[in-house]
file work27.txt (compact mmCIF, C-alpha atoms)
# COMPACT_ATOMS: atom_id res chain seq x y z
CA MET A 16 -11.91 56.50 20.83
CA GLY A 17 -13.58 53.60 19.04
CA ARG A 18 -17.02 53.19 17.52
CA ILE A 19 -18.65 51.76 20.64
CA GLU A 20 -17.28 54.44 22.95
CA ASN A 21 -18.40 57.09 20.50
CA ARG A 22 -21.85 55.55 20.62
CA LEU A 23 -21.80 55.68 24.42
CA ALA A 24 -20.86 59.37 24.27
CA GLU A 25 -23.75 60.03 21.83
CA LEU A 26 -26.08 58.39 24.35
CA GLY A 27 -24.72 60.69 27.07
CA GLU A 28 -23.05 57.80 28.89
CA SER A 29 -19.45 57.26 29.86
CA LEU A 30 -17.50 54.40 31.36
CA PRO A 31 -16.54 54.55 35.02
CA ALA A 32 -13.05 53.54 36.16
CA ALA A 33 -12.73 49.75 35.93
CA LYS A 34 -13.03 48.23 39.39
CA SER A 35 -10.87 45.25 40.26
CA PRO A 36 -12.49 42.07 41.56
CA VAL A 37 -12.63 42.05 45.37
CA ALA A 38 -10.99 38.63 45.64
CA ASN A 39 -9.04 35.85 43.97
CA TYR A 40 -10.88 35.81 40.64
CA LEU A 41 -10.95 37.66 37.32
CA GLY A 42 -13.17 40.44 36.03
CA CYS A 43 -13.70 38.33 32.94
CA LYS A 44 -12.22 35.25 31.32
CA ARG A 45 -11.79 34.59 27.64
CA THR A 46 -12.15 31.08 26.29
CA GLY A 47 -11.83 30.90 22.52
CA ASP A 48 -14.07 33.64 21.17
CA MET A 49 -16.32 33.67 24.23
CA LEU A 50 -15.89 36.05 27.14
CA TYR A 51 -17.41 35.13 30.49
CA VAL A 52 -17.88 38.30 32.56
CA SER A 53 -17.96 38.02 36.36
CA GLY A 54 -20.96 39.19 38.35
CA ARG A 55 -20.99 42.92 39.15
CA VAL A 56 -23.24 44.62 41.65
CA SER A 57 -24.69 48.10 41.38
CA ARG A 58 -23.39 50.85 43.63
CA ILE A 59 -27.05 51.62 44.24
CA ARG A 60 -27.97 49.64 47.34
CA GLY A 61 -31.32 48.59 48.74
CA GLU A 62 -34.11 46.08 48.42
CA VAL A 63 -36.22 46.71 45.33
CA GLY A 64 -39.91 47.08 46.09
CA SER A 65 -39.31 48.41 49.59
CA GLU A 66 -36.14 50.54 49.99
CA LEU A 67 -35.88 51.27 46.26
CA ASP A 68 -38.85 51.72 43.96
CA LEU A 69 -39.42 50.38 40.46
CA ALA A 70 -38.92 53.82 38.88
CA ARG A 71 -35.32 53.99 40.13
CA ALA A 72 -34.26 50.32 40.05
CA PRO A 73 -33.51 50.11 36.29
CA GLU A 74 -30.87 52.78 36.94
CA ALA A 75 -29.08 50.24 39.15
CA ALA A 76 -29.07 47.73 36.29
CA LYS A 77 -27.70 50.36 33.91
CA GLU A 78 -24.99 51.28 36.41
CA ALA A 79 -23.89 47.65 36.81
CA LEU A 80 -23.80 47.31 33.02
CA LEU A 81 -21.51 50.33 32.62
CA ASP A 82 -19.23 48.84 35.28
CA ILE A 83 -19.12 45.60 33.31
CA LEU A 84 -18.28 47.41 30.07
CA ALA A 85 -15.47 49.28 31.84
CA ILE A 86 -14.00 45.97 33.03
CA VAL A 87 -14.32 44.39 29.61
CA LYS A 88 -12.61 47.37 28.02
CA ALA A 89 -9.77 47.13 30.54
CA GLU A 90 -9.30 43.45 29.72
CA ILE A 91 -9.73 43.34 25.94
CA ASP A 92 -8.57 46.92 25.21
CA ASP A 93 -11.18 47.84 22.66
CA LEU A 94 -14.95 47.39 22.95
CA ASP A 95 -15.13 47.39 19.14
CA SER A 96 -13.93 43.78 19.22
CA VAL A 97 -17.20 42.72 20.86
CA ILE A 98 -19.13 40.84 18.15
CA SER A 99 -22.31 40.27 20.10
CA ILE A 100 -23.95 39.93 23.49
CA GLU A 101 -25.02 36.32 23.97
CA LYS A 102 -26.50 36.10 27.46
CA LEU A 103 -27.32 38.45 30.32
CA ASN A 104 -28.25 37.23 33.79
CA GLY A 105 -29.74 39.72 36.21
CA PHE A 106 -30.37 39.15 39.90
CA VAL A 107 -32.65 41.66 41.60
CA ARG A 108 -32.63 41.97 45.39
CA SER A 109 -36.38 41.76 45.83
CA ALA A 110 -38.87 42.54 48.56
CA ALA A 111 -41.13 39.55 49.34
CA SER A 112 -43.94 40.88 47.15
CA PHE A 113 -41.85 42.32 44.29
CA THR A 114 -42.37 40.48 40.99
CA ASP A 115 -41.25 42.99 38.33
CA GLN A 116 -37.66 41.77 37.97
CA PRO A 117 -37.83 41.94 34.14
CA LYS A 118 -38.59 45.68 34.21
CA VAL A 119 -35.56 46.25 36.42
CA ILE A 120 -33.17 44.35 34.16
CA ASP A 121 -34.58 46.23 31.16
CA GLY A 122 -32.35 49.07 32.36
CA ALA A 123 -29.39 47.01 31.15
CA SER A 124 -31.03 45.25 28.17
CA ASP A 125 -32.25 48.49 26.64
CA LEU A 126 -28.85 50.12 26.93
CA LEU A 127 -27.13 47.08 25.39
CA VAL A 128 -29.36 47.37 22.33
CA GLU A 129 -28.84 51.15 22.14
CA ILE A 130 -25.07 50.64 22.23
CA PHE A 131 -24.54 47.53 20.12
CA GLY A 132 -27.65 47.60 17.90
CA ASP A 133 -28.96 44.21 16.78
CA ASP A 134 -25.75 42.54 17.97
CA GLY A 135 -26.66 43.72 21.45
CA ARG A 136 -29.88 41.69 21.48
CA HIS A 137 -29.36 38.81 23.88
CA ALA A 138 -30.86 35.85 25.70
CA ARG A 139 -31.63 36.81 29.28
CA THR A 140 -32.80 35.64 32.67
CA ALA A 141 -34.10 38.03 35.35
CA THR A 142 -34.44 36.47 38.80
CA GLY A 143 -35.37 37.68 42.27
CA VAL A 144 -33.06 37.00 45.22
CA ALA A 145 -33.28 37.81 48.90
CA GLN A 146 -29.80 39.24 49.30
CA LEU A 147 -26.81 40.38 47.20
CA PRO A 148 -23.17 41.24 47.96
CA PHE A 149 -22.84 44.57 49.81
CA GLY A 150 -26.61 44.93 49.91
CA ALA A 151 -26.66 45.97 46.23
CA ALA A 152 -29.97 46.34 44.40
CA VAL A 153 -28.88 44.52 41.22
CA GLN A 154 -26.21 42.06 40.11
CA LEU A 155 -25.42 41.34 36.45
CA GLU A 156 -23.25 38.79 34.67
CA MET A 157 -22.80 38.33 30.95
CA ILE A 158 -21.46 36.19 28.14
CA MET A 159 -20.12 37.99 25.06
CA ARG A 160 -18.68 36.84 21.74
CA LEU A 161 -15.45 38.52 20.64
CA GLN A 162 -13.69 38.75 17.30
CA GLY A 163 -11.51 35.71 16.64
CA GLU A 164 -7.89 36.00 17.72
CA MET B 4 -1.66 9.72 40.63
CA GLY B 5 -1.55 12.70 38.28
CA ARG B 6 -0.12 16.18 38.69
CA ILE B 7 -3.35 17.77 39.96
CA GLU B 8 -4.01 15.06 42.53
CA ASN B 9 -0.42 15.34 43.70
CA ARG B 10 -0.98 19.05 44.10
CA LEU B 11 -4.12 18.37 46.16
CA ALA B 12 -2.13 16.02 48.41
CA GLU B 13 0.58 18.69 48.86
CA LEU B 14 -2.17 21.07 49.97
CA GLY B 15 -3.38 18.50 52.49
CA GLU B 16 -6.62 17.92 50.60
CA SER B 17 -8.09 14.76 49.14
CA LEU B 18 -11.06 13.97 46.96
CA PRO B 19 -14.18 12.50 48.56
CA ALA B 20 -16.03 9.62 46.90
CA ALA B 21 -17.88 10.95 43.83
CA LYS B 22 -21.56 11.33 44.65
CA SER B 23 -24.10 10.51 41.98
CA PRO B 24 -26.70 13.08 41.00
CA VAL B 25 -29.90 12.66 43.02
CA ALA B 26 -32.10 12.55 39.94
CA ASN B 27 -32.39 12.21 36.19
CA TYR B 28 -29.43 14.39 35.21
CA LEU B 29 -25.65 14.17 34.88
CA GLY B 30 -22.85 15.22 37.22
CA CYS B 31 -21.32 17.05 34.29
CA LYS B 32 -21.74 17.24 30.54
CA ARG B 33 -19.04 17.68 27.94
CA THR B 34 -19.74 19.69 24.83
CA GLY B 35 -16.70 20.04 22.59
CA ASP B 36 -13.87 21.11 24.89
CA MET B 37 -16.19 22.65 27.47
CA LEU B 38 -17.42 20.83 30.54
CA TYR B 39 -20.58 22.07 32.25
CA VAL B 40 -20.60 20.85 35.86
CA SER B 41 -23.93 20.48 37.68
CA GLY B 42 -24.66 22.37 40.87
CA ARG B 43 -23.36 20.71 44.03
CA VAL B 44 -24.33 21.63 47.57
CA SER B 45 -22.11 21.52 50.62
CA ARG B 46 -22.67 18.85 53.24
CA ILE B 47 -22.38 21.74 55.72
CA ARG B 48 -25.96 22.91 56.25
CA GLY B 49 -27.32 26.13 57.66
CA GLU B 50 -28.11 29.74 56.85
CA VAL B 51 -24.96 31.83 56.61
CA GLY B 52 -25.03 34.88 58.87
CA SER B 53 -27.34 33.24 61.41
CA GLU B 54 -26.86 29.46 61.83
CA LEU B 55 -23.37 29.48 60.30
CA ASP B 56 -20.88 32.32 60.74
CA LEU B 57 -18.60 33.91 58.17
CA ALA B 58 -15.50 32.28 59.66
CA ARG B 59 -16.84 28.81 58.90
CA ALA B 60 -18.82 29.39 55.71
CA PRO B 61 -15.85 29.38 53.27
CA GLU B 62 -15.24 25.80 54.42
CA ALA B 63 -18.64 24.91 52.94
CA ALA B 64 -17.57 26.39 49.59
CA LYS B 65 -14.31 24.43 49.71
CA GLU B 66 -16.19 21.24 50.51
CA ALA B 67 -18.58 21.70 47.57
CA LEU B 68 -15.59 22.33 45.30
CA LEU B 69 -13.88 19.09 46.34
CA ASP B 70 -17.15 17.25 45.64
CA ILE B 71 -17.21 18.81 42.18
CA LEU B 72 -13.62 17.79 41.46
CA ALA B 73 -14.41 14.23 42.56
CA ILE B 74 -17.32 14.12 40.10
CA VAL B 75 -15.24 15.59 37.30
CA LYS B 76 -12.50 13.04 37.93
CA ALA B 77 -15.04 10.21 37.84
CA GLU B 78 -16.34 11.46 34.49
CA ILE B 79 -13.18 12.47 32.64
CA ASP B 80 -10.82 10.03 34.41
CA ASP B 81 -7.88 12.37 34.89
CA LEU B 82 -7.97 15.89 36.33
CA ASP B 83 -4.76 16.64 34.42
CA SER B 84 -6.86 17.07 31.29
CA VAL B 85 -8.47 20.19 32.76
CA ILE B 86 -6.99 23.11 30.81
CA SER B 87 -8.60 25.92 32.77
CA ILE B 88 -11.47 26.99 34.98
CA GLU B 89 -13.68 29.39 33.03
CA LYS B 90 -16.59 30.27 35.31
CA LEU B 91 -17.65 29.59 38.88
CA ASN B 92 -21.13 30.40 40.19
CA GLY B 93 -21.69 30.34 43.91
CA PHE B 94 -25.03 30.57 45.70
CA VAL B 95 -24.88 31.31 49.41
CA ARG B 96 -27.90 30.58 51.61
CA SER B 97 -28.00 33.96 53.28
CA ALA B 98 -29.62 35.46 56.36
CA ALA B 99 -31.63 38.59 55.52
CA SER B 100 -28.80 40.91 56.58
CA PHE B 101 -25.85 38.87 55.26
CA THR B 102 -24.00 40.61 52.40
CA ASP B 103 -20.55 38.97 52.39
CA GLN B 104 -21.27 36.31 49.78
CA PRO B 105 -17.94 36.98 47.98
CA LYS B 106 -15.93 36.09 51.11
CA VAL B 107 -17.79 32.80 51.36
CA ILE B 108 -17.15 31.79 47.75
CA ASP B 109 -13.47 32.74 48.19
CA GLY B 110 -13.20 29.37 49.96
CA ALA B 111 -13.59 27.77 46.53
CA SER B 112 -11.86 30.42 44.39
CA ASP B 113 -8.72 30.40 46.51
CA LEU B 114 -8.45 26.62 46.40
CA LEU B 115 -8.94 26.59 42.60
CA VAL B 116 -5.98 28.94 42.20
CA GLU B 117 -3.88 26.92 44.66
CA ILE B 118 -4.61 23.74 42.72
CA PHE B 119 -4.54 24.89 39.10
CA GLY B 120 -2.32 27.98 39.34
CA ASP B 121 -3.03 30.74 36.82
CA ASP B 122 -5.26 28.37 34.81
CA GLY B 123 -7.46 28.16 37.89
CA ARG B 124 -8.23 31.89 37.79
CA HIS B 125 -11.83 32.26 36.68
CA ALA B 126 -14.78 34.56 36.10
CA ARG B 127 -17.20 34.30 38.99
CA THR B 128 -20.57 35.31 40.39
CA ALA B 129 -21.41 35.08 44.10
CA THR B 130 -25.10 35.51 44.90
CA GLY B 131 -27.28 35.30 47.99
CA VAL B 132 -30.35 33.07 48.04
CA ALA B 133 -33.01 32.36 50.62
CA GLN B 134 -32.94 28.58 50.40
CA LEU B 135 -30.88 25.75 48.86
CA PRO B 136 -31.43 22.01 48.33
CA PHE B 137 -31.27 20.04 51.60
CA GLY B 138 -30.76 23.27 53.53
CA ALA B 139 -27.11 23.44 52.42
CA ALA B 140 -25.03 26.53 53.16
CA VAL B 141 -23.43 26.79 49.70
CA GLN B 142 -24.09 25.61 46.16
CA LEU B 143 -21.48 25.75 43.38
CA GLU B 144 -21.55 25.14 39.64
CA MET B 145 -18.71 25.49 37.17
CA ILE B 146 -17.62 25.62 33.55
CA MET B 147 -14.21 24.14 32.70
CA ARG B 148 -12.19 23.83 29.53
CA LEU B 149 -10.70 20.40 28.79
CA GLN B 150 -7.95 19.23 26.49
CA GLY B 151 -9.26 18.64 22.98
CA GLU B 152 -10.33 15.11 22.19
CA MET C 23 -44.23 16.98 12.01
CA GLY C 24 -40.67 15.98 12.92
CA ARG C 25 -39.30 13.20 15.08
CA ILE C 26 -39.21 15.24 18.30
CA GLU C 27 -42.74 16.57 17.92
CA ASN C 28 -43.94 13.04 17.18
CA ARG C 29 -42.25 11.96 20.37
CA LEU C 30 -44.02 14.73 22.27
CA ALA C 31 -47.35 13.59 20.86
CA GLU C 32 -46.59 9.97 21.90
CA LEU C 33 -45.98 11.27 25.42
CA GLY C 34 -49.34 13.04 25.35
CA GLU C 35 -47.71 16.48 25.35
CA SER C 36 -48.01 19.33 22.90
CA LEU C 37 -46.31 22.66 22.47
CA PRO C 38 -48.13 25.81 23.54
CA ALA C 39 -48.06 28.93 21.35
CA ALA C 40 -44.60 30.50 21.55
CA LYS C 41 -44.70 33.52 23.85
CA SER C 42 -42.64 36.54 22.94
CA PRO C 43 -40.18 37.95 25.46
CA VAL C 44 -41.78 40.69 27.57
CA ALA C 45 -39.00 43.21 26.85
CA ASN C 46 -36.02 44.17 24.76
CA TYR C 47 -34.34 40.77 24.58
CA LEU C 48 -34.57 37.51 22.63
CA GLY C 49 -36.26 34.21 23.42
CA CYS C 50 -32.97 32.52 22.58
CA LYS C 51 -29.67 33.40 20.94
CA ARG C 52 -27.53 31.17 18.76
CA THR C 53 -23.78 31.45 18.91
CA GLY C 54 -22.02 28.91 16.71
CA ASP C 55 -23.66 25.57 17.48
CA MET C 56 -24.79 26.63 20.95
CA LEU C 57 -28.21 28.02 21.74
CA TYR C 58 -28.68 30.07 24.89
CA VAL C 59 -32.36 30.05 25.89
CA SER C 60 -33.75 32.91 27.98
CA GLY C 61 -35.34 32.29 31.35
CA ARG C 62 -39.02 31.34 31.21
CA VAL C 63 -41.40 31.27 34.14
CA SER C 64 -44.26 28.85 34.69
CA ARG C 65 -47.83 30.08 34.34
CA ILE C 66 -48.40 28.23 37.62
CA ARG C 67 -47.87 30.87 40.31
CA GLY C 68 -47.18 30.57 44.01
CA GLU C 69 -44.50 29.89 46.58
CA VAL C 70 -43.52 26.22 46.64
CA GLY C 71 -43.78 24.66 50.10
CA SER C 72 -46.54 27.02 51.21
CA GLU C 73 -48.97 28.11 48.43
CA LEU C 74 -48.04 25.19 46.15
CA ASP C 75 -47.15 21.72 47.39
CA LEU C 76 -44.38 19.40 46.25
CA ALA C 77 -46.83 17.09 44.48
CA ARG C 78 -47.90 19.84 42.09
CA ALA C 79 -44.69 21.87 41.70
CA PRO C 80 -42.95 19.58 39.16
CA GLU C 81 -45.90 20.35 36.86
CA ALA C 82 -44.76 23.99 36.89
CA ALA C 83 -41.27 22.93 35.78
CA LYS C 84 -42.74 20.80 33.00
CA GLU C 85 -44.92 23.70 31.88
CA ALA C 86 -41.96 26.09 31.71
CA LEU C 87 -40.03 23.50 29.71
CA LEU C 88 -42.80 23.15 27.13
CA ASP C 89 -42.85 26.95 26.83
CA ILE C 90 -39.10 26.89 26.20
CA LEU C 91 -39.41 24.20 23.53
CA ALA C 92 -42.14 26.23 21.81
CA ILE C 93 -39.83 29.26 21.70
CA VAL C 94 -36.90 27.21 20.44
CA LYS C 95 -39.07 25.72 17.71
CA ALA C 96 -40.24 29.20 16.67
CA GLU C 97 -36.62 30.36 16.41
CA ILE C 98 -34.85 27.38 14.83
CA ASP C 99 -37.89 25.99 12.93
CA ASP C 100 -37.34 22.31 13.64
CA LEU C 101 -36.67 20.73 17.03
CA ASP C 102 -35.01 17.81 15.22
CA SER C 103 -31.92 20.00 14.81
CA VAL C 104 -31.34 19.92 18.57
CA ILE C 105 -28.30 17.67 19.07
CA SER C 106 -28.30 17.65 22.85
CA ILE C 107 -29.29 19.44 26.03
CA GLU C 108 -26.15 20.73 27.74
CA LYS C 109 -27.30 22.62 30.82
CA LEU C 110 -30.55 23.31 32.63
CA ASN C 111 -30.86 25.88 35.40
CA GLY C 112 -33.98 25.86 37.54
CA PHE C 113 -35.01 28.47 40.07
CA VAL C 114 -37.76 27.47 42.48
CA ARG C 115 -39.68 30.13 44.38
CA SER C 116 -39.28 28.56 47.80
CA ALA C 117 -40.90 28.93 51.20
CA ALA C 118 -38.33 29.54 53.94
CA SER C 119 -38.29 25.88 54.98
CA PHE C 120 -38.56 24.27 51.52
CA THR C 121 -35.42 22.34 50.51
CA ASP C 122 -36.65 19.94 47.81
CA GLN C 123 -35.78 22.09 44.80
CA PRO C 124 -34.25 19.11 42.92
CA LYS C 125 -37.55 17.18 43.04
CA VAL C 126 -39.33 20.20 41.54
CA ILE C 127 -36.90 20.59 38.64
CA ASP C 128 -37.15 16.84 37.98
CA GLY C 129 -40.44 17.72 36.30
CA ALA C 130 -38.36 19.28 33.51
CA SER C 131 -35.35 16.93 33.60
CA ASP C 132 -37.46 13.79 33.34
CA LEU C 133 -39.40 15.15 30.38
CA LEU C 134 -36.18 16.18 28.59
CA VAL C 135 -34.90 12.63 28.84
CA GLU C 136 -38.25 11.18 27.73
CA ILE C 137 -38.23 13.47 24.69
CA PHE C 138 -34.58 13.48 23.63
CA GLY C 139 -33.37 10.15 25.08
CA ASP C 140 -29.71 10.03 26.10
CA ASP C 141 -29.05 13.32 24.28
CA GLY C 142 -31.52 14.92 26.67
CA ARG C 143 -29.38 14.07 29.71
CA HIS C 144 -27.89 17.31 30.95
CA ALA C 145 -25.87 19.09 33.61
CA ARG C 146 -28.21 20.93 35.97
CA THR C 147 -28.49 23.30 38.90
CA ALA C 148 -31.65 23.60 41.02
CA THR C 149 -31.70 26.61 43.33
CA GLY C 150 -34.19 28.17 45.73
CA VAL C 151 -35.10 31.84 45.42
CA ALA C 152 -37.38 34.12 47.39
CA GLN C 153 -39.21 35.68 44.45
CA LEU C 154 -39.63 35.24 40.67
CA PRO C 155 -41.11 37.37 37.88
CA PHE C 156 -44.93 37.54 38.05
CA GLY C 157 -44.88 35.45 41.21
CA ALA C 158 -44.24 32.28 39.20
CA ALA C 159 -43.44 29.01 40.96
CA VAL C 160 -40.55 28.00 38.68
CA GLN C 161 -38.13 29.63 36.24
CA LEU C 162 -35.99 27.65 33.77
CA GLU C 163 -33.16 28.55 31.42
CA MET C 164 -31.20 26.23 29.18
CA ILE C 165 -28.19 25.75 26.92
CA MET C 166 -28.61 23.44 23.91
CA ARG C 167 -26.32 22.23 21.16
CA LEU C 168 -27.67 22.44 17.61
CA GLN C 169 -26.63 20.80 14.36
CA GLY C 170 -23.84 22.74 12.67
CA GLU C 171 -24.93 25.30 10.11
call {"tool": "encode", "arguments": {"input": "work27.txt", "output": "structure tokens"}}
result
Amino acid sequence: MGRIENRLAELGESLPAAKSPVANYLGCKRTGDMLYVSGRVSRIRGEVGSELDLARAPEAAKEALLDILAIVKAEIDDLDSVISIEKLNGFVRSAASFTDQPKVIDGASDLLVEIFGDDGRHARTATGVAQLPFGAAVQLEMIMRLQGE
Amino acid sequence: MGRIENRLAELGESLPAAKSPVANYLGCKRTGDMLYVSGRVSRIRGEVGSELDLARAPEAAKEALLDILAIVKAEIDDLDSVISIEKLNGFVRSAASFTDQPKVIDGASDLLVEIFGDDGRHARTATGVAQLPFGAAVQLEMIMRLQGE
Amino acid sequence: MGRIENRLAELGESLPAAKSPVANYLGCKRTGDMLYVSGRVSRIRGEVGSELDLARAPEAAKEALLDILAIVKAEIDDLDSVISIEKLNGFVRSAASFTDQPKVIDGASDLLVEIFGDDGRHARTATGVAQLPFGAAVQLEMIMRLQGE
């Protein structure tokens, strides 16, 4: 078990089984040293601000992040070859009056920094949308930099 | 006619006339070997899940993809210089209860793989939004890798 | 004062104080020569097409752009090291019937070209969303190319 997975264990987290994409695309695609990770939705469903409250919603972001890390591990073998997290985009399925999308996506941003330290600090956009695949509460996508081949 | 356009003809598809951006921006922008393609909306209008049903919506994604390829051809001259498709983002104008965004964007993902083979396999995010420019059903944007200059 | 800030002054614009991100992420992240800029929302609030009309909404896009440039300046010191604007993504908080998102984001695109000239011409996506952080009217994010280190 590598450094990053040890760190996850210290934090009391573990990776779920890597889920395959539901259609004709990849979980992530490497281009040079950059890795584009496909959008992943949380298993936690519901509209944030009505069906799901702000106290619980960051858990959905954290869950989607762990799913992403599981997929990345399955594709690149070893999370220790992640050099840094460049960009995180978070879509929050939002009730009409819900405007705290940043606090929801913090559930993923905070964990990234806990896991990867300063290299986990990233540019980010947190946006509100009316609907997400499968009625999920949160969807995340990411760009990472990997060690050179 | 190059390899990729021959492949399109085999598939019974052809490129529309390349539409110019509607404002002060570019259809796509090259940076090194990467090509960022601007968002394109389908000519098919309507909210998916109410005005437009799931059977027809993937056609809107396919239509937006062909528009994108027409623009890319106009800018880089020859689609054969596309090395691979890195990332596809699809926004589906979704009725409040519509959660099958991935099946809609499959209309574009499937065609990319038919055209470009394994190099057409890409990372992807399919998201639901409440409204799109001109009331379109689907909006796509893409990142491609091109042959080095 | 550098060339780009002189140009801003000629245009009658000035940079606001750089606002810090509201959570555990960065205002922008450099990876090689690329700079990923985090999403920024306009101080102008309201739903475009209902609370805010099309005449005023481009001002919100311009405002978010100036905020972004202030952050970039704070991080890279000198806006003259921006080589070009690669990609702009604009999210417009849209009333159900509002479909003129491109005209709103023109408020940012036009200013980018006025400031940076041809290097400011960029790929772009303008999308409609139901809600944004803090109820803002517009959210922008950007990818820039910087001079090599």
call {"tool": "residues_around", "arguments": {"input": "work27.txt", "residues": "A:Ser57", "least_positions_apart": "5", "cutoff": "9 Å", "atoms": "only C-alpha atoms", "output": "NGL selection string"}}
result
:A and (74-80 or 82 or 151-155)
call {"tool": "interface_residues", "arguments": {"input": "work27.txt", "of": "chain C", "to": "chain B", "cutoff": "6 Å", "atoms": "all atoms listed in the file", "output": "list in words"}}
result
Thr121, Asp122, Gln123, Arg143, His144, Ala145, Arg146, Thr147, Thr149, Gly150, Val151 and Ala152 of chain C
call {"tool": "residues_near_point", "arguments": {"input": "work27.txt", "point": "(-25.8, 46.8, 23.6)", "cutoff": "10 Å", "atoms": "only C-alpha atoms", "output": "list in words"}}
result
Ile19, Leu23, Leu80, Leu84, Val97, Ser99, Ile100, Ala123, Ser124, Asp125, Leu126, Leu127, Val128, Glu129, Ile130, Phe131, Gly132, Asp133, Asp134, Gly135, Arg136 and His137 of chain A
call {"tool": "atom_distance", "arguments": {"input": "work27.txt", "atom1": "atom CA of A:Ser35", "atom2": "atom CA of A:Lys88"}}
result
12.5 Å
call {"tool": "atom_distance", "arguments": {"input": "work27.txt", "atom1": "atom CA of B:Phe101", "atom2": "atom CA of B:Ala60"}}
result
11.8 Å
call {"tool": "decode", "arguments": {"input": "work27.txt", "residues": "stretch 89-128 of chain B", "atoms": "C-alpha atoms", "output": "mmCIF file, in the first residue's frame"}}
result
data_model
loop_
_atom_site.group_PDB
_atom_site.id
_atom_site.type_symbol
_atom_site.label_atom_id
_atom_site.label_comp_id
_atom_site.auth_asym_id
_atom_site.auth_seq_id
_atom_site.Cartn_x
_atom_site.Cartn_y
_atom_site.Cartn_z
ATOM 1 C CA GLU B 89 -9.396 14.089 -24.504
ATOM 2 C CA LYS B 90 -12.527 15.488 -22.871
ATOM 3 C CA LEU B 91 -16.164 16.002 -23.781
ATOM 4 C CA ASN B 92 -18.535 18.102 -21.669
ATOM 5 C CA GLY B 93 -22.230 17.849 -22.371
ATOM 6 C CA PHE B 94 -24.960 20.060 -20.927
ATOM 7 C CA VAL B 95 -28.504 18.778 -21.321
ATOM 8 C CA ARG B 96 -31.427 21.187 -20.940
ATOM 9 C CA SER B 97 -33.382 19.046 -18.514
ATOM 10 C CA ALA B 98 -36.938 18.906 -17.225
ATOM 11 C CA ALA B 99 -37.067 18.954 -13.409
ATOM 12 C CA SER B 100 -37.444 15.170 -13.200
ATOM 13 C CA PHE B 101 -35.093 14.193 -16.049
ATOM 14 C CA THR B 102 -32.001 12.301 -14.838
ATOM 15 C CA ASP B 103 -30.781 10.428 -17.942
ATOM 16 C CA GLN B 104 -28.255 13.015 -19.119
ATOM 17 C CA PRO B 105 -25.612 10.318 -19.808
ATOM 18 C CA LYS B 106 -27.874 8.567 -22.341
ATOM 19 C CA VAL B 107 -28.354 11.851 -24.176
ATOM 20 C CA ILE B 108 -24.631 12.612 -24.431
ATOM 21 C CA ASP B 109 -24.031 9.030 -25.626
ATOM 22 C CA GLY B 110 -25.289 10.331 -28.987
ATOM 23 C CA ALA B 111 -21.994 12.224 -29.246
ATOM 24 C CA SER B 112 -19.705 9.774 -27.409
ATOM 25 C CA ASP B 113 -20.770 6.836 -29.545
ATOM 26 C CA LEU B 114 -20.197 8.743 -32.775
ATOM 27 C CA LEU B 115 -16.749 9.915 -31.607
ATOM 28 C CA VAL B 116 -15.704 6.301 -31.067
ATOM 29 C CA GLU B 117 -17.194 5.235 -34.417
ATOM 30 C CA ILE B 118 -15.264 7.981 -36.187
ATOM 31 C CA PHE B 119 -11.922 8.012 -34.365
ATOM 32 C CA GLY B 120 -11.781 4.449 -33.007
ATOM 33 C CA ASP B 121 -9.888 3.991 -29.737
ATOM 34 C CA ASP B 122 -8.426 7.503 -30.061
ATOM 35 C CA GLY B 123 -11.987 8.783 -29.884
ATOM 36 C CA ARG B 124 -12.498 7.353 -26.391
ATOM 37 C CA HIS B 125 -12.581 10.269 -23.980
ATOM 38 C CA ALA B 126 -13.149 11.483 -20.446
ATOM 39 C CA ARG B 127 -16.597 13.001 -20.156
ATOM 40 C CA THR B 128 -19.052 14.876 -17.956
#
